[in-house]
Amino acid sequence: MRGADPVELKARTILIYENVSGGLPTPFVIRLGRAEPDIVLEWESRNHQGTLHMHRKAVESGRQLTLSELFEVGVDMETDQATTKWLSQEIFRELLEHGSAQVRLNRVRGELKLVGRASRVIEVDGEEVEVPVLLIQDSRRGTWVFLNNPRNPLLLEYASPHYREALKRVSNSDRNQLRWLRRLPPIR
């Protein structure tokens, strides 16, 4: 039986997504170096890898949400404005309180609208776990599913007419290791 947070994120948590574009599924792996108050992670796809540091300001109040722009080929990225794979705490709060939030989606003005709440089953440490989720629609015909957790509004699924990505597995094993980050940057 899991505690109050069935998708606990901590240092060395691994998130495995599957991206589908043009009918071809490809894995996308994220290894967390730090999950709060800022987020530091390593990422790798089939052909590329890098690191990303989302500063505390972005995690708390960032107004830009991106799926891919922060993941540039082989580049270490830092941002105090944008988030990826997580909603900022401010956007999450606005969605719950007002039902919508103005954002920049990959730098283009847009709006997210809360269209419902539900639950989803995901694999966490080899077990299927049912988690509460928020169902979101954006002004560009995309649909989003985020974990309904103000401390961890993690992206579980995104779908558009030509692209889909979904979280397949979460691993919190103590054996998980970072591959490229030898020293975590200071909290920013």
# chains A, B, ... in the order shown; residues from 1 in each chain; ligands from 1

call {"tool": "residues_around", "arguments": {"residues": "Glu157 of chain A", "least_positions_apart": "3", "cutoff": "10 Å", "atoms": "only C-alpha atoms", "output": "ChimeraX atom specification"}}
result
/A:17-19,85,135,143-147,154,164-168

call {"tool": "write_last_selection", "arguments": {"atoms": "N, CA, C and O atoms", "output": "mmCIF file, in the first residue's frame"}}
result
data_model
loop_
_atom_site.group_PDB
_atom_site.id
_atom_site.type_symbol
_atom_site.label_atom_id
_atom_site.label_comp_id
_atom_site.auth_asym_id
_atom_site.auth_seq_id
_atom_site.Cartn_x
_atom_site.Cartn_y
_atom_site.Cartn_z
ATOM 1 N N TYR A 17 8.960 7.794 -20.569
ATOM 2 C CA TYR A 17 7.861 8.180 -21.453
ATOM 3 C C TYR A 17 7.996 7.436 -22.775
ATOM 4 O O TYR A 17 9.096 7.036 -23.157
ATOM 5 N N GLU A 18 6.876 7.311 -23.470
ATOM 6 C CA GLU A 18 6.889 6.818 -24.844
ATOM 7 C C GLU A 18 6.299 7.914 -25.710
ATOM 8 O O GLU A 18 5.200 8.390 -25.449
ATOM 9 N N ASN A 19 7.050 8.339 -26.712
ATOM 10 C CA ASN A 19 6.600 9.357 -27.658
ATOM 11 C C ASN A 19 6.252 8.669 -28.973
ATOM 12 O O ASN A 19 6.990 7.801 -29.424
ATOM 13 N N LYS A 85 7.150 18.969 -18.747
ATOM 14 C CA LYS A 85 6.719 17.775 -18.019
ATOM 15 C C LYS A 85 6.024 18.083 -16.693
ATOM 16 O O LYS A 85 5.419 17.206 -16.105
ATOM 17 N N LEU A 135 -7.737 16.684 -16.393
ATOM 18 C CA LEU A 135 -7.845 16.601 -17.846
ATOM 19 C C LEU A 135 -7.899 18.020 -18.378
ATOM 20 O O LEU A 135 -8.771 18.806 -17.998
ATOM 21 N N THR A 143 -4.528 17.819 -25.955
ATOM 22 C CA THR A 143 -5.091 17.395 -24.675
ATOM 23 C C THR A 143 -3.955 16.958 -23.759
ATOM 24 O O THR A 143 -2.977 16.358 -24.201
ATOM 25 N N TRP A 144 -4.099 17.280 -22.498
ATOM 26 C CA TRP A 144 -3.069 17.038 -21.493
ATOM 27 C C TRP A 144 -3.694 16.302 -20.312
ATOM 28 O O TRP A 144 -4.832 16.568 -19.956
ATOM 29 N N VAL A 145 -2.922 15.433 -19.699
ATOM 30 C CA VAL A 145 -3.326 14.776 -18.467
ATOM 31 C C VAL A 145 -2.188 14.995 -17.468
ATOM 32 O O VAL A 145 -1.055 14.571 -17.713
ATOM 33 N N PHE A 146 -2.505 15.695 -16.378
ATOM 34 C CA PHE A 146 -1.513 15.983 -15.345
ATOM 35 C C PHE A 146 -1.923 15.317 -14.038
ATOM 36 O O PHE A 146 -3.117 15.228 -13.717
ATOM 37 N N LEU A 147 -0.940 14.902 -13.271
ATOM 38 C CA LEU A 147 -1.182 14.389 -11.942
ATOM 39 C C LEU A 147 -1.844 15.485 -11.112
ATOM 40 O O LEU A 147 -1.381 16.622 -11.098
ATOM 41 N N LEU A 154 2.781 16.549 -12.431
ATOM 42 C CA LEU A 154 3.570 15.886 -13.468
ATOM 43 C C LEU A 154 2.705 15.541 -14.674
ATOM 44 O O LEU A 154 1.578 15.085 -14.539
ATOM 45 N N ARG A 164 1.878 12.096 -29.799
ATOM 46 C CA ARG A 164 1.390 11.628 -28.503
ATOM 47 C C ARG A 164 2.576 11.240 -27.645
ATOM 48 O O ARG A 164 3.546 10.670 -28.140
ATOM 49 N N GLU A 165 2.467 11.561 -26.370
ATOM 50 C CA GLU A 165 3.486 11.107 -25.435
ATOM 51 C C GLU A 165 2.787 10.702 -24.152
ATOM 52 O O GLU A 165 1.804 11.324 -23.749
ATOM 53 N N ALA A 166 3.267 9.635 -23.529
ATOM 54 C CA ALA A 166 2.643 9.137 -22.308
ATOM 55 C C ALA A 166 3.703 8.569 -21.377
ATOM 56 O O ALA A 166 4.654 7.917 -21.823
ATOM 57 N N LEU A 167 3.520 8.825 -20.089
ATOM 58 C CA LEU A 167 4.393 8.263 -19.069
ATOM 59 C C LEU A 167 4.074 6.780 -18.942
ATOM 60 O O LEU A 167 2.914 6.410 -18.731
ATOM 61 N N LYS A 168 5.073 5.947 -19.085
ATOM 62 C CA LYS A 168 4.869 4.501 -19.021
ATOM 63 C C LYS A 168 5.274 3.909 -17.676
ATOM 64 O O LYS A 168 4.613 3.009 -17.173
#

call {"tool": "select_by_dssp", "arguments": {"residues": "chain A", "states": "alpha helix (DSSP H)", "output": "list in words"}}
result
Arg56, Lys57, Ala58, Val59, Glu60, Ser61, Gln89, Glu90, Ile91, Phe92, Arg93, Glu94, Leu95, Leu96, Glu97 and His98 of chain A

call {"tool": "residues_around", "arguments": {"residues": "Lys57 of chain A", "least_positions_apart": "3", "cutoff": "8 Å", "atoms": "only C-alpha atoms", "output": "list in words"}}
result
Asp38, Glu60, Ser61, Gly62, Asp80, Gln81 and Arg188 of chain A

call {"tool": "write_last_selection", "arguments": {"atoms": "C-alpha atoms", "output": "PDB file, in the first residue's frame"}}
result
ATOM      1  CA  ASP A  38      13.911  23.461  -8.359  1.00  0.00           C
ATOM      2  CA  GLU A  60       6.675  28.149  -8.760  1.00  0.00           C
ATOM      3  CA  SER A  61       5.355  30.667 -11.277  1.00  0.00           C
ATOM      4  CA  GLY A  62       6.582  29.982 -14.828  1.00  0.00           C
ATOM      5  CA  ASP A  80      13.725  30.519 -14.939  1.00  0.00           C
ATOM      6  CA  GLN A  81      10.671  31.057 -17.175  1.00  0.00           C
ATOM      7  CA  ARG A 188      18.298  28.708  -8.232  1.00  0.00           C
TER       8      ARG A 188
END

call {"tool": "closest_residue", "arguments": {"among": "A:Val129, A:Leu65, A:Ala58, A:Ala159", "to": "Ser21 of chain A", "atoms": "only C-alpha atoms"}}
result
A:Ala159

call {"tool": "residues_around", "arguments": {"residues": "Glu127 of chain A", "least_positions_apart": "5", "cutoff": "10 Å", "atoms": "only C-alpha atoms", "output": "list in words"}}
result
Val121, Ile122, Arg169 and Val170 of chain A

call {"tool": "residues_around", "arguments": {"residues": "Leu112 of chain A", "least_positions_apart": "4", "cutoff": "9 Å", "atoms": "only C-alpha atoms", "output": "VMD selection string"}}
result
chain A and resid 91 95 99 to 103 136 to 139

call {"tool": "write_last_selection", "arguments": {"atoms": "N, CA and C atoms", "output": "short mmCIF file (atom, residue, chain, number, x, y, z; two decimals), in the first residue's frame"}}
result
data_model
loop_
_atom_site.label_atom_id
_atom_site.label_comp_id
_atom_site.auth_asym_id
_atom_site.auth_seq_id
_atom_site.Cartn_x
_atom_site.Cartn_y
_atom_site.Cartn_z
N ILE A 91 0.22 27.97 -12.34
CA ILE A 91 -0.72 27.54 -13.37
C ILE A 91 -1.64 26.46 -12.82
N LEU A 95 -5.75 26.79 -12.66
CA LEU A 95 -6.65 25.81 -13.28
C LEU A 95 -7.69 25.32 -12.27
N GLY A 99 -10.51 27.43 -13.55
CA GLY A 99 -10.86 26.56 -14.66
C GLY A 99 -10.05 26.79 -15.92
N SER A 100 -9.20 27.83 -15.91
CA SER A 100 -8.36 28.09 -17.08
C SER A 100 -7.12 28.88 -16.65
N ALA A 101 -6.15 28.92 -17.53
CA ALA A 101 -4.92 29.67 -17.27
C ALA A 101 -4.31 30.10 -18.60
N GLN A 102 -3.86 31.34 -18.66
CA GLN A 102 -3.14 31.85 -19.82
C GLN A 102 -1.68 31.42 -19.72
N VAL A 103 -1.15 30.88 -20.80
CA VAL A 103 0.22 30.38 -20.82
C VAL A 103 0.85 30.68 -22.17
N ILE A 136 -6.96 18.37 -19.25
CA ILE A 136 -6.78 19.74 -19.73
C ILE A 136 -6.85 19.75 -21.25
N GLN A 137 -7.42 20.81 -21.79
CA GLN A 137 -7.39 21.02 -23.24
C GLN A 137 -6.74 22.37 -23.50
N ASP A 138 -5.92 22.44 -24.55
CA ASP A 138 -5.29 23.72 -24.86
C ASP A 138 -5.93 24.34 -26.09
N SER A 139 -5.59 25.60 -26.33
CA SER A 139 -6.19 26.36 -27.43
C SER A 139 -5.65 25.94 -28.80
#

call {"tool": "residues_around", "arguments": {"residues": "His48 of chain A", "least_positions_apart": "4", "cutoff": "9 Å", "atoms": "only C-alpha atoms", "output": "ChimeraX atom specification"}}
result
/A:43-44,72-74

call {"tool": "atom_distance", "arguments": {"atom1": "atom CA of Arg46 of chain A", "atom2": "atom CA of Val20 of chain A"}}
result
12.5 Å
